[in-house]
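Undergrad: If it helps, the file is called query-v3.txt and holds compact mmCIF, C-alpha atoms and all ligand atoms:
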# COMPACT_ATOMS: atom_id res chain seq x y z
CA MET A 226 11.20 3.21 2.77
CA GLN A 227 7.97 1.83 1.33
CA VAL A 228 6.60 -1.29 3.01
CA TRP A 229 4.10 -3.33 1.04
CA ALA A 230 2.40 -6.40 2.47
CA ILE A 231 1.06 -8.99 0.06
CA ALA A 232 -1.80 -10.87 1.70
CA ASN A 233 -5.02 -12.77 1.13
CA GLN A 234 -6.73 -15.27 3.40
CA LYS A 235 -6.55 -17.80 0.61
CA GLY A 236 -3.64 -19.91 -0.59
CA GLY A 237 -2.56 -20.29 -4.19
CA VAL A 238 -3.72 -16.87 -5.37
CA GLY A 239 -0.28 -15.62 -6.41
CA LYS A 240 0.99 -13.92 -3.25
CA THR A 241 4.52 -15.30 -3.34
CA THR A 242 4.68 -14.83 -7.12
CA THR A 243 3.68 -11.19 -6.67
CA VAL A 244 6.44 -10.64 -4.10
CA VAL A 245 9.14 -12.25 -6.24
CA THR A 246 8.07 -10.57 -9.49
CA LEU A 247 7.75 -7.09 -8.01
CA ALA A 248 11.07 -7.51 -6.17
CA GLY A 249 12.78 -8.40 -9.47
CA LEU A 250 11.25 -5.45 -11.30
CA LEU A 251 12.11 -3.00 -8.52
CA ALA A 252 15.70 -4.26 -8.44
CA GLU A 253 16.00 -3.80 -12.20
CA VAL A 254 15.29 -0.10 -11.97
CA GLY A 255 17.88 0.29 -9.25
CA TYR A 256 15.97 0.00 -5.99
CA LYS A 257 17.22 -1.89 -2.95
CA VAL A 258 14.63 -4.45 -1.94
CA LEU A 259 14.04 -6.57 1.14
CA MET A 260 11.60 -9.48 0.99
CA VAL A 261 10.20 -10.74 4.29
CA ASP A 262 8.79 -14.26 4.43
CA LEU A 263 6.08 -14.45 7.10
CA ASP A 264 4.56 -17.70 5.81
CA PRO A 265 5.61 -20.71 7.95
CA HIS A 266 5.47 -22.80 4.78
CA GLY A 267 8.43 -20.76 3.62
CA SER A 268 7.66 -20.84 -0.12
CA LEU A 269 9.45 -17.55 -0.68
CA THR A 270 12.44 -18.79 1.33
CA SER A 271 12.54 -22.04 -0.67
CA TYR A 272 12.23 -20.10 -3.91
CA PHE A 273 15.68 -18.65 -3.23
CA GLN A 274 17.18 -22.03 -2.30
CA TYR A 275 17.08 -21.72 1.49
CA ASP A 276 15.53 -24.61 3.39
CA PRO A 277 12.93 -23.44 5.97
CA ASP A 278 13.43 -26.74 7.83
CA GLU A 279 17.16 -26.22 8.21
CA LEU A 280 17.57 -22.50 8.95
CA ASP A 281 18.85 -21.75 12.45
CA HIS A 282 17.83 -18.10 12.26
CA SER A 283 14.75 -16.58 10.68
CA VAL A 284 11.85 -14.19 11.25
CA TYR A 285 11.06 -16.54 14.15
CA ASP A 286 13.90 -14.92 16.14
CA LEU A 287 12.02 -11.59 16.12
CA PHE A 288 9.28 -13.22 18.17
CA VAL A 289 11.38 -15.08 20.74
CA THR A 290 14.11 -12.52 21.49
CA GLN A 291 13.83 -11.13 25.00
CA GLY A 292 13.11 -7.40 24.90
CA ASP A 293 13.34 -5.34 21.72
CA VAL A 294 15.54 -6.64 18.91
CA THR A 295 18.58 -4.55 18.08
CA ALA A 296 19.66 -3.38 14.63
CA VAL A 297 22.59 -5.82 14.75
CA GLN A 298 20.25 -8.72 15.54
CA VAL A 299 17.89 -7.84 12.67
CA LYS A 300 20.74 -7.44 10.19
CA SER A 301 22.21 -10.79 11.21
CA LEU A 302 19.00 -12.48 9.98
CA LEU A 303 19.22 -11.18 6.41
CA CYS A 304 20.15 -13.56 3.59
CA ASN A 305 21.47 -12.71 0.15
CA THR A 306 19.72 -13.86 -3.00
CA ASN A 307 20.95 -14.40 -6.54
CA VAL A 308 20.05 -10.75 -7.27
CA GLU A 309 22.52 -8.35 -5.73
CA SER A 310 20.07 -5.68 -4.60
CA ILE A 311 17.47 -8.10 -3.21
CA GLN A 312 17.80 -9.57 0.27
CA LEU A 313 15.57 -11.93 2.18
CA LEU A 314 14.48 -12.17 5.79
CA PRO A 315 13.66 -15.88 5.66
CA ALA A 316 10.96 -18.02 7.26
CA SER A 317 11.53 -21.23 9.15
CA THR A 318 9.01 -23.94 9.87
CA ALA A 319 9.35 -23.18 13.61
CA MET A 320 7.15 -20.17 12.89
CA ALA A 321 4.14 -22.45 12.79
CA THR A 322 4.32 -22.60 16.61
CA LEU A 323 4.01 -18.83 16.94
CA GLU A 324 0.23 -18.70 16.72
CA ARG A 325 -0.05 -20.68 19.95
CA ARG A 326 2.63 -18.62 21.71
CA ALA A 327 0.95 -15.40 20.62
CA ILE A 328 -2.13 -16.27 22.64
CA GLU A 329 0.10 -16.72 25.68
CA HIS A 330 2.02 -13.49 25.07
CA HIS A 331 0.00 -10.45 24.15
CA GLY A 332 1.48 -7.59 22.19
CA MET A 333 3.36 -9.53 19.53
CA GLY A 334 1.61 -7.67 16.73
CA LEU A 335 4.38 -5.14 16.16
CA GLN A 336 7.48 -7.34 16.13
CA VAL A 337 8.02 -7.02 12.38
CA ALA A 338 7.24 -3.28 12.32
CA LYS A 339 9.79 -2.72 15.09
CA ALA A 340 12.44 -4.79 13.29
CA LEU A 341 11.92 -2.87 10.05
CA ARG A 342 12.49 0.43 11.82
CA HIS A 343 16.13 -0.65 12.17
CA LEU A 344 16.39 -1.04 8.39
CA LYS A 345 15.17 2.40 7.36
CA GLY A 346 17.74 3.82 4.98
CA SER A 347 19.02 0.38 4.00
CA TYR A 348 16.16 -0.39 1.60
CA ASP A 349 13.84 1.47 -0.75
CA TYR A 350 11.15 -1.22 -0.69
CA VAL A 351 10.17 -3.97 1.70
CA LEU A 352 7.79 -6.64 0.38
CA ILE A 353 6.17 -8.84 3.03
CA ASP A 354 4.81 -12.24 2.01
CA SER A 355 1.96 -13.07 4.38
CA PRO A 356 0.51 -16.48 5.27
CA PRO A 357 -3.09 -17.22 4.23
CA VAL A 358 -4.38 -17.45 7.80
CA LEU A 359 -5.48 -14.59 9.99
CA GLY A 360 -3.18 -14.91 12.97
CA VAL A 361 -0.27 -13.16 14.62
CA LEU A 362 1.91 -13.33 11.48
CA MET A 363 -0.67 -11.75 9.18
CA VAL A 364 -1.44 -9.13 11.83
CA ASN A 365 2.30 -8.30 11.91
CA ALA A 366 2.33 -7.94 8.12
CA LEU A 367 -0.67 -5.60 8.14
CA ALA A 368 0.66 -3.56 11.04
CA ALA A 369 4.08 -3.09 9.44
CA CYS A 370 3.00 -2.00 5.95
CA ASN A 371 1.91 1.29 4.47
CA HIS A 372 0.21 -0.34 1.48
CA LEU A 373 -1.48 -3.71 1.19
CA LEU A 374 -1.59 -5.67 -2.06
CA ILE A 375 -4.25 -8.35 -2.29
CA PRO A 376 -3.82 -10.79 -5.17
CA ALA A 377 -7.22 -12.29 -5.98
CA GLN A 378 -7.73 -15.17 -8.35
CA THR A 379 -10.34 -14.36 -10.99
CA GLU A 380 -12.80 -17.11 -10.14
CA PHE A 381 -15.93 -17.01 -8.02
CA LEU A 382 -14.73 -18.89 -4.98
CA ALA A 383 -11.97 -16.32 -4.67
CA LEU A 384 -14.47 -13.51 -4.15
CA LYS A 385 -15.49 -15.03 -0.80
CA GLY A 386 -11.89 -15.10 0.36
CA LEU A 387 -11.56 -11.50 -0.71
CA GLU A 388 -14.60 -10.45 1.34
CA ARG A 389 -13.00 -12.07 4.37
CA MET A 390 -9.80 -10.13 3.72
CA ILE A 391 -11.71 -6.85 3.46
CA ARG A 392 -13.36 -7.56 6.83
CA THR A 393 -9.91 -8.18 8.29
CA ILE A 394 -8.77 -4.78 6.98
CA SER A 395 -11.71 -3.07 8.74
CA MET A 396 -10.70 -4.82 11.95
CA ILE A 397 -7.08 -3.73 11.54
CA ASN A 398 -8.17 -0.17 10.73
CA ARG A 399 -9.86 0.07 14.10
CA ALA A 400 -6.52 -0.71 15.76
CA ARG A 401 -4.36 1.45 13.48
CA LYS A 402 -4.46 5.21 13.59
CA LYS A 403 -4.25 5.54 9.84
CA LYS A 404 -6.52 3.74 7.38
CA LEU A 405 -4.70 1.01 5.50
CA LYS A 406 -4.49 1.66 1.76
CA TYR A 407 -5.05 -1.45 -0.35
CA THR A 408 -4.99 -2.53 -3.97
CA ILE A 409 -6.66 -5.68 -5.30
CA ILE A 410 -4.70 -7.43 -8.05
CA PRO A 411 -6.68 -9.76 -10.31
CA THR A 412 -4.55 -12.87 -10.96
CA PHE A 413 -4.77 -16.09 -13.01
CA TYR A 414 -6.89 -14.26 -15.55
CA ASP A 415 -7.96 -16.25 -18.59
CA ARG A 416 -10.02 -14.16 -20.97
CA ARG A 417 -11.23 -17.27 -22.79
CA THR A 418 -13.18 -18.46 -19.76
CA GLN A 419 -16.53 -17.06 -18.71
CA ALA A 420 -15.58 -17.49 -15.03
CA SER A 421 -12.57 -15.17 -15.34
CA VAL A 422 -14.42 -12.57 -17.39
CA SER A 423 -17.46 -12.32 -15.15
CA CYS A 424 -15.37 -12.42 -11.99
CA LEU A 425 -13.30 -9.48 -13.20
CA ARG A 426 -16.51 -7.61 -14.00
CA GLU A 427 -17.77 -8.32 -10.47
CA LEU A 428 -14.49 -7.08 -8.98
CA HIS A 429 -14.86 -3.83 -10.94
CA LYS A 430 -18.38 -3.41 -9.62
CA CYS A 431 -17.56 -4.14 -5.96
CA TYR A 432 -14.15 -2.45 -5.70
CA PRO A 433 -14.05 0.30 -8.33
CA ASP A 434 -11.47 2.35 -6.45
CA GLU A 435 -9.26 -0.41 -5.12
CA LEU A 436 -8.99 -2.68 -8.15
CA ALA A 437 -5.69 -2.45 -10.03
CA SER A 438 -6.03 -1.68 -13.71
CA ALA A 439 -3.32 -4.22 -14.50
CA VAL A 440 -4.66 -7.76 -14.75
CA VAL A 441 -2.22 -10.65 -14.29
CA PRO A 442 -2.92 -13.40 -16.83
CA ILE A 443 -2.25 -17.10 -16.43
CA ASP A 444 1.34 -17.50 -17.53
CA THR A 445 3.30 -20.74 -17.19
CA LYS A 446 6.55 -18.73 -17.14
CA PHE A 447 5.95 -17.98 -13.46
CA ARG A 448 6.23 -21.66 -12.61
CA ASN A 449 9.29 -22.04 -14.83
CA ALA A 450 10.96 -19.15 -13.03
CA SER A 451 10.16 -20.64 -9.62
CA MET A 452 11.62 -24.00 -10.66
CA LYS A 453 14.83 -22.24 -11.65
CA GLY A 454 14.78 -20.06 -8.52
CA VAL A 455 15.12 -16.83 -10.49
CA VAL A 456 12.95 -13.71 -10.58
CA PRO A 457 10.47 -13.98 -13.50
CA SER A 458 11.73 -10.85 -15.27
CA SER A 459 15.22 -12.33 -15.57
CA LEU A 460 13.80 -15.46 -17.22
CA ASP A 461 11.62 -13.60 -19.71
CA ALA A 462 11.21 -9.84 -19.35
CA SER A 463 8.65 -9.67 -22.16
CA SER A 464 6.28 -12.39 -20.98
CA ARG A 465 2.65 -11.37 -20.57
CA GLY A 466 2.74 -12.04 -16.85
CA VAL A 467 5.84 -9.93 -16.19
CA ASN A 468 4.38 -7.16 -18.34
CA ALA A 469 1.24 -7.08 -16.24
CA TYR A 470 3.28 -6.77 -13.04
CA ALA A 471 5.37 -4.02 -14.62
CA ARG A 472 2.17 -2.07 -15.38
CA LEU A 473 0.96 -2.67 -11.84
CA LEU A 474 4.24 -1.42 -10.43
CA ARG A 475 4.12 1.78 -12.50
CA THR A 476 0.68 2.68 -11.11
CA LEU A 477 1.69 1.81 -7.55
CA ILE A 478 4.76 4.03 -7.75
CA GLU A 479 2.67 6.84 -9.28
CA GLN A 480 0.10 6.53 -6.49
CA GLN A 481 2.74 6.78 -3.83
CA GLY A 482 3.70 10.08 -5.50
N1 LIG B 501 -0.40 -15.67 -13.07
C1 LIG B 501 -0.03 -16.95 -12.92
N2 LIG B 501 -0.15 -17.83 -13.94
C2 LIG B 501 0.21 -19.12 -13.81
N3 LIG B 501 0.72 -19.64 -12.69
C3 LIG B 501 0.87 -18.82 -11.63
C4 LIG B 501 0.50 -17.44 -11.67
N4 LIG B 501 0.76 -16.89 -10.47
C5 LIG B 501 1.27 -17.88 -9.70
N5 LIG B 501 1.33 -19.04 -10.39
C6 LIG B 501 1.79 -20.35 -9.90
O1 LIG B 501 0.76 -20.84 -9.04
C7 LIG B 501 1.29 -21.43 -7.87
C8 LIG B 501 0.79 -20.69 -6.63
O2 LIG B 501 1.25 -19.36 -6.66
P1 LIG B 501 1.84 -18.64 -5.37
O3 LIG B 501 2.38 -17.35 -5.78
O4 LIG B 501 2.78 -19.59 -4.65
O5 LIG B 501 0.51 -18.46 -4.49
P2 LIG B 501 0.34 -18.13 -2.91
O6 LIG B 501 1.60 -17.53 -2.44
O7 LIG B 501 -0.82 -17.18 -2.88
O8 LIG B 501 0.00 -19.43 -2.25
C9 LIG B 501 2.80 -21.38 -8.05
O9 LIG B 501 3.22 -22.62 -8.59
C10 LIG B 501 3.04 -20.26 -9.06
O10 LIG B 501 4.19 -20.47 -9.85
MG MG B 502 2.83 -18.17 -0.85
Can I see the file as structure tokens?
TA:
Amino acid sequence: MQVWAIANQKGGVGKTTTVVTLAGLLAEVGYKVLMVDLDPHGSLTSYFQYDPDELDHSVYDLFVTQGDVTAVQVKSLLCNTNVESIQLLPASTAMATLERRAIEHHGMGLQVAKALRHLKGSYDYVLIDSPPVLGVLMVNALAACNHLLIPAQTEFLALKGLERMIRTISMINRARKKKLKYTIIPTFYDRRTQASVSCLRELHKCYPDELASAVVPIDTKFRNASMKGVVPSSLDASSRGVNAYARLLRTLIEQQG
């Protein structure tokens, strides 16, 4: 079971879109996929028509259950989506209170990793949508994954956010035994603008080994798909945006060998 976390300490860079699009593409080639929504805003959860304000059970339960969660408890939290082979472990707005609790209770950094251990064999891929703040939820995402994907908007302000994320990885690496592998995905690319072009050049210079060769262009089809609540590839499999993610996915699968 491959576990990929999608994170960046900046909002609006395409994290949730990356999760949904990759999930759709993985499902199309026959993989079983679990998406985990660790963002208290619950955008991923809302995308699939669940209301993060109304859900009685969510990822939140993993943090408030006494003792270790059981396989039955984890499985009871899973929700179906409109794609048969994609399931969702949803977020609820109650998760916003977890950051405060985490300070009171040490050792909450592995709750998601422990829960996922119960799902080995049930899924080929787990995609974790992380919130844009460095806190207990992001730490859980980074601790649970074996590969980190960092969508980065191709504009200069985004480079600062990226530097912050890279520092976070170094911090996490000190706590983990194995170095965390990561791939930076350039998003919102517009080749007609100087800002996009020079930012991409800068990314190549600073992260030659970690930068994905696939570049995700600005594509309004992503927003259309989110309004309809469907994975982008089912709305338009040949759109430029979906194509870029398909190329990204091919290289990621090759890398994992
Ligand atoms: N490549 C893209 N081109 C155009 N719009 C995009 C693209 N990627 C994401 N979007 C849109 O931008 C908004 C923010 O994207 P989202 O994936 O929610 O970012 P994040 O999860 O990082 O906050 C959404 O409305 C989404 O549909
Ligand atoms: Mg998001």
Undergrad: Calculated over all atoms listed in the file, which of the candidates A:Ser355, A:Thr290, A:Ser310, A:Thr246 has the smallest distance to A:Asp262?
TA: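 Selected residue with least distance to A:Asp262: A:Ser355.
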Undergrad: Would you pick out the contacts of A:Ala340 at 8 Å or less, using all atoms listed in the file, so that residues sharing its chain but fewer than 5 positions from it are not included, and give the list as a list in words?
TA: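 Near neighbours after the sequence-gap exclusion: Leu287, Val294, Thr295, Ala296 and Val299 of chain A.
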Undergrad: Which value, in Å to one decimal, gives the distance between atom P2 of ligand LIG 501 (chain B) and atom CA of A:Thr242?
TA: 6.9 Å
Undergrad: Here is a test: counting all atoms listed in the file, which residue of A:Val254, A:Trp229, A:Asp349, A:Tyr285 is nearest to A:Ser458?
TA: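 Looking only at the distances to A:Ser458, the closest residue turns out to be A:Val254.
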Undergrad: Hey, could you make a per-residue contact list for chain A against ligand MG 502 (chain B) with 7 Å as the cut-off, showing the nearest pair of atoms and its distance in Å to one decimal, counting all atoms listed in the file, sorted by chain and number, as JSON lines?
TA:
{"residue": "A:Gly236", "atom": "CA", "partner": "B:MG502", "partner_atom": "MG", "distance": 6.7}
{"residue": "A:Gly237", "atom": "CA", "partner": "B:MG502", "partner_atom": "MG", "distance": 6.7}
{"residue": "A:Gly239", "atom": "CA", "partner": "B:MG502", "partner_atom": "MG", "distance": 6.9}
{"residue": "A:Lys240", "atom": "CA", "partner": "B:MG502", "partner_atom": "MG", "distance": 5.2}
{"residue": "A:Thr241", "atom": "CA", "partner": "B:MG502", "partner_atom": "MG", "distance": 4.2}
{"residue": "A:Asp264", "atom": "CA", "partner": "B:MG502", "partner_atom": "MG", "distance": 6.9}
{"residue": "A:Ser268", "atom": "CA", "partner": "B:MG502", "partner_atom": "MG", "distance": 5.6}
{"residue": "A:Leu269", "atom": "CA", "partner": "B:MG502", "partner_atom": "MG", "distance": 6.7}
{"residue": "A:Asp354", "atom": "CA", "partner": "B:MG502", "partner_atom": "MG", "distance": 6.9}
{"residue": "A:Pro356", "atom": "CA", "partner": "B:MG502", "partner_atom": "MG", "distance": 6.8}
Undergrad: Residues at most 10 Å from ligand LIG 501 (chain B), using all atoms listed in the file? Could they come as a PyMOL selection string?
TA: chain A and resi 231-246+264+266-269+272+354-357+375-378+411-415+440-452+457+465-467+469-470
Undergrad: Expressed in Å to a single decimal, how great is the separation between atom CA of A:Ala316 and atom CA of A:His282?
TA: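 Computing it gives 8.5 Å between the two atoms.
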Undergrad: Counting only C-alpha atoms, note down every residue that has an atom within 7 Å of the point (-9.3, -1.2, 5.1) (file coordinates), as an MDAnalysis selection string.
TA: chainID A and resid 391 394:395 398 404:407
Undergrad: Using only C-alpha atoms, which residue out of A:Leu362, A:Ala319, A:Gln274, A:Asp293 lies closest to A:Val261?
TA: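 That would be A:Leu362, the residue with the smallest distance to A:Val261.
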Undergrad: Please measure the separation of atom CA of A:Met333 and atom CA of A:Lys402, giving the value in Å to one decimal.
TA: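 Answer for the atom CA of A:Met333 to atom CA of A:Lys402 separation: 17.7 Å.
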Undergrad: At a cut-off of 10 Å, can you tabulate as a Markdown table every residue of stretch 361-477 of chain A near stretch 302-307 of chain A together with its closest atom pair and the distance in Å to one decimal, using all atoms listed in the file and ordering rows by chain then number?
TA:
| residue | atom | partner | partner_atom | distance |
| --- | --- | --- | --- | --- |
| A:Gly454 | CA | A:Asn307 | CA | 8.6 |
| A:Val455 | CA | A:Asn307 | CA | 7.4 |
| A:Val456 | CA | A:Asn307 | CA | 9.0 |
Undergrad: Those same residues, written as an mmCIF file, in the frame of the given file with C-alpha atoms?
TA:
data_model
loop_
_atom_site.group_PDB
_atom_site.id
_atom_site.type_symbol
_atom_site.label_atom_id
_atom_site.label_comp_id
_atom_site.auth_asym_id
_atom_site.auth_seq_id
_atom_site.Cartn_x
_atom_site.Cartn_y
_atom_site.Cartn_z
ATOM 1 C CA GLY A 454 14.780 -20.060 -8.520
ATOM 2 C CA VAL A 455 15.120 -16.830 -10.490
ATOM 3 C CA VAL A 456 12.950 -13.710 -10.580
#
Undergrad: So which residues fall inside 12 Å of (18.7, -21.9, 10.3) if we count all atoms listed in the file? Mind giving them as a list in words?
TA: Thr270, Tyr275, Asp276, Pro277, Asp278, Glu279, Leu280, Asp281, His282, Ser283, Val284, Tyr285, Asp286, Ser301, Leu302, Leu303, Cys304, Leu314, Pro315, Ala316, Ser317, Thr318, Ala319 and Met320 of chain A
Undergrad: Using only C-alpha atoms, which of the listed residues (A:Gln291, A:Gln419, A:Ser463, A:Thr476) sits closest to A:Thr379?
TA: A:Gln419
Undergrad: Around stretch 457-472 of chain A, with edges along x, y and z and 8 Å added on all six sides, what centre and edge lengths do you get, in Å to one decimal, as JSON?
TA:
{"center_x": 8.2, "center_y": -8.8, "center_z": -17.6, "size_x": 30.0, "size_y": 29.4, "size_z": 25.1}
Undergrad: May I ask which of the residues A:Gly346, A:Phe288, A:Lys300, A:Leu263 is the closest one to A:Gly332, counting all atoms listed in the file?
TA: A:Phe288
Undergrad: Neighbours of stretch 433-437 of chain A within 8 Å (all atoms listed in the file; same-chain residues fewer than 3 positions away dropped), as number ranges by chain?
TA: A: 407-411, 428-430, 440, 473
Undergrad: Stretch 440-450 of chain A from the block above, all heavy atoms, as a PDB file, in the first residue's frame, please?
TA:
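Final output, saved to part_37.pdb:
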ATOM      1  N   VAL A 440       4.112  19.583 -15.587  1.00  0.00           N
ATOM      2  CA  VAL A 440       3.730  20.902 -15.081  1.00  0.00           C
ATOM      3  C   VAL A 440       2.214  21.040 -15.239  1.00  0.00           C
ATOM      4  O   VAL A 440       1.693  20.839 -16.334  1.00  0.00           O
ATOM      5  CB  VAL A 440       4.460  22.005 -15.882  1.00  0.00           C
ATOM      6  CG1 VAL A 440       4.008  23.386 -15.443  1.00  0.00           C
ATOM      7  CG2 VAL A 440       5.974  21.851 -15.737  1.00  0.00           C
ATOM      8  N   VAL A 441       1.530  21.377 -14.152  1.00  0.00           N
ATOM      9  CA  VAL A 441       0.064  21.465 -14.223  1.00  0.00           C
ATOM     10  C   VAL A 441      -0.342  22.885 -14.635  1.00  0.00           C
ATOM     11  O   VAL A 441      -0.059  23.849 -13.928  1.00  0.00           O
ATOM     12  CB  VAL A 441      -0.588  21.113 -12.869  1.00  0.00           C
ATOM     13  CG1 VAL A 441      -2.105  21.213 -12.961  1.00  0.00           C
ATOM     14  CG2 VAL A 441      -0.156  19.721 -12.408  1.00  0.00           C
ATOM     15  N   PRO A 442      -0.988  23.010 -15.792  1.00  0.00           N
ATOM     16  CA  PRO A 442      -1.366  24.344 -16.266  1.00  0.00           C
ATOM     17  C   PRO A 442      -2.631  24.848 -15.568  1.00  0.00           C
ATOM     18  O   PRO A 442      -3.346  24.061 -14.939  1.00  0.00           O
ATOM     19  CB  PRO A 442      -1.643  24.109 -17.749  1.00  0.00           C
ATOM     20  CG  PRO A 442      -2.178  22.718 -17.795  1.00  0.00           C
ATOM     21  CD  PRO A 442      -1.465  21.955 -16.709  1.00  0.00           C
ATOM     22  N   ILE A 443      -2.892  26.131 -15.711  1.00  0.00           N
ATOM     23  CA  ILE A 443      -4.197  26.654 -15.285  1.00  0.00           C
ATOM     24  C   ILE A 443      -5.241  26.020 -16.197  1.00  0.00           C
ATOM     25  O   ILE A 443      -5.075  25.989 -17.414  1.00  0.00           O
ATOM     26  CB  ILE A 443      -4.247  28.192 -15.426  1.00  0.00           C
ATOM     27  CG1 ILE A 443      -3.326  28.819 -14.371  1.00  0.00           C
ATOM     28  CG2 ILE A 443      -5.675  28.710 -15.299  1.00  0.00           C
ATOM     29  CD1 ILE A 443      -3.423  30.325 -14.272  1.00  0.00           C
ATOM     30  N   ASP A 444      -6.263  25.479 -15.603  1.00  0.00           N
ATOM     31  CA  ASP A 444      -7.292  24.812 -16.394  1.00  0.00           C
ATOM     32  C   ASP A 444      -8.623  24.963 -15.645  1.00  0.00           C
ATOM     33  O   ASP A 444      -8.785  24.409 -14.550  1.00  0.00           O
ATOM     34  CB  ASP A 444      -6.913  23.332 -16.577  1.00  0.00           C
ATOM     35  CG  ASP A 444      -7.838  22.607 -17.539  1.00  0.00           C
ATOM     36  OD1 ASP A 444      -8.955  23.113 -17.786  1.00  0.00           O
ATOM     37  OD2 ASP A 444      -7.443  21.528 -18.042  1.00  0.00           O
ATOM     38  N   THR A 445      -9.548  25.683 -16.260  1.00  0.00           N
ATOM     39  CA  THR A 445     -10.825  25.959 -15.579  1.00  0.00           C
ATOM     40  C   THR A 445     -11.657  24.686 -15.383  1.00  0.00           C
ATOM     41  O   THR A 445     -12.604  24.674 -14.605  1.00  0.00           O
ATOM     42  CB  THR A 445     -11.673  26.962 -16.392  1.00  0.00           C
ATOM     43  OG1 THR A 445     -11.757  26.473 -17.730  1.00  0.00           O
ATOM     44  CG2 THR A 445     -11.047  28.337 -16.389  1.00  0.00           C
ATOM     45  N   LYS A 446     -11.277  23.615 -16.076  1.00  0.00           N
ATOM     46  CA  LYS A 446     -12.043  22.357 -15.946  1.00  0.00           C
ATOM     47  C   LYS A 446     -11.979  21.799 -14.533  1.00  0.00           C
ATOM     48  O   LYS A 446     -12.874  21.080 -14.095  1.00  0.00           O
ATOM     49  CB  LYS A 446     -11.513  21.323 -16.939  1.00  0.00           C
ATOM     50  CG  LYS A 446     -11.615  21.802 -18.392  1.00  0.00           C
ATOM     51  CD  LYS A 446     -12.464  20.878 -19.233  1.00  0.00           C
ATOM     52  CE  LYS A 446     -12.870  21.480 -20.552  1.00  0.00           C
ATOM     53  NZ  LYS A 446     -11.918  21.227 -21.631  1.00  0.00           N
ATOM     54  N   PHE A 447     -10.888  22.142 -13.799  1.00  0.00           N
ATOM     55  CA  PHE A 447     -10.798  21.655 -12.417  1.00  0.00           C
ATOM     56  C   PHE A 447     -11.934  22.225 -11.576  1.00  0.00           C
ATOM     57  O   PHE A 447     -12.535  21.532 -10.767  1.00  0.00           O
ATOM     58  CB  PHE A 447      -9.451  22.031 -11.782  1.00  0.00           C
ATOM     59  CG  PHE A 447      -8.294  21.244 -12.320  1.00  0.00           C
ATOM     60  CD1 PHE A 447      -7.229  21.865 -12.945  1.00  0.00           C
ATOM     61  CD2 PHE A 447      -8.271  19.859 -12.195  1.00  0.00           C
ATOM     62  CE1 PHE A 447      -6.161  21.136 -13.434  1.00  0.00           C
ATOM     63  CE2 PHE A 447      -7.204  19.111 -12.685  1.00  0.00           C
ATOM     64  CZ  PHE A 447      -6.146  19.756 -13.310  1.00  0.00           C
ATOM     65  N   ARG A 448     -12.189  23.518 -11.776  1.00  0.00           N
ATOM     66  CA  ARG A 448     -13.270  24.134 -10.996  1.00  0.00           C
ATOM     67  C   ARG A 448     -14.624  23.577 -11.421  1.00  0.00           C
ATOM     68  O   ARG A 448     -15.486  23.308 -10.586  1.00  0.00           O
ATOM     69  CB  ARG A 448     -13.219  25.669 -11.133  1.00  0.00           C
ATOM     70  CG  ARG A 448     -14.103  26.343 -10.116  1.00  0.00           C
ATOM     71  CD  ARG A 448     -13.752  27.808  -9.890  1.00  0.00           C
ATOM     72  NE  ARG A 448     -12.477  27.973  -9.230  1.00  0.00           N
ATOM     73  CZ  ARG A 448     -11.554  28.859  -9.610  1.00  0.00           C
ATOM     74  NH1 ARG A 448     -11.758  29.617 -10.655  1.00  0.00           N
ATOM     75  NH2 ARG A 448     -10.424  28.972  -8.948  1.00  0.00           N
ATOM     76  N   ASN A 449     -14.788  23.355 -12.706  1.00  0.00           N
ATOM     77  CA  ASN A 449     -16.055  22.774 -13.192  1.00  0.00           C
ATOM     78  C   ASN A 449     -16.289  21.396 -12.569  1.00  0.00           C
ATOM     79  O   ASN A 449     -17.405  21.079 -12.160  1.00  0.00           O
ATOM     80  CB  ASN A 449     -16.039  22.632 -14.724  1.00  0.00           C
ATOM     81  CG  ASN A 449     -15.897  23.975 -15.408  1.00  0.00           C
ATOM     82  OD1 ASN A 449     -16.056  25.019 -14.774  1.00  0.00           O
ATOM     83  ND2 ASN A 449     -15.561  23.974 -16.691  1.00  0.00           N
ATOM     84  N   ALA A 450     -15.214  20.610 -12.505  1.00  0.00           N
ATOM     85  CA  ALA A 450     -15.346  19.268 -11.935  1.00  0.00           C
ATOM     86  C   ALA A 450     -15.709  19.359 -10.450  1.00  0.00           C
ATOM     87  O   ALA A 450     -16.557  18.606  -9.963  1.00  0.00           O
ATOM     88  CB  ALA A 450     -14.046  18.486 -12.121  1.00  0.00           C
TER      89      ALA A 450
END
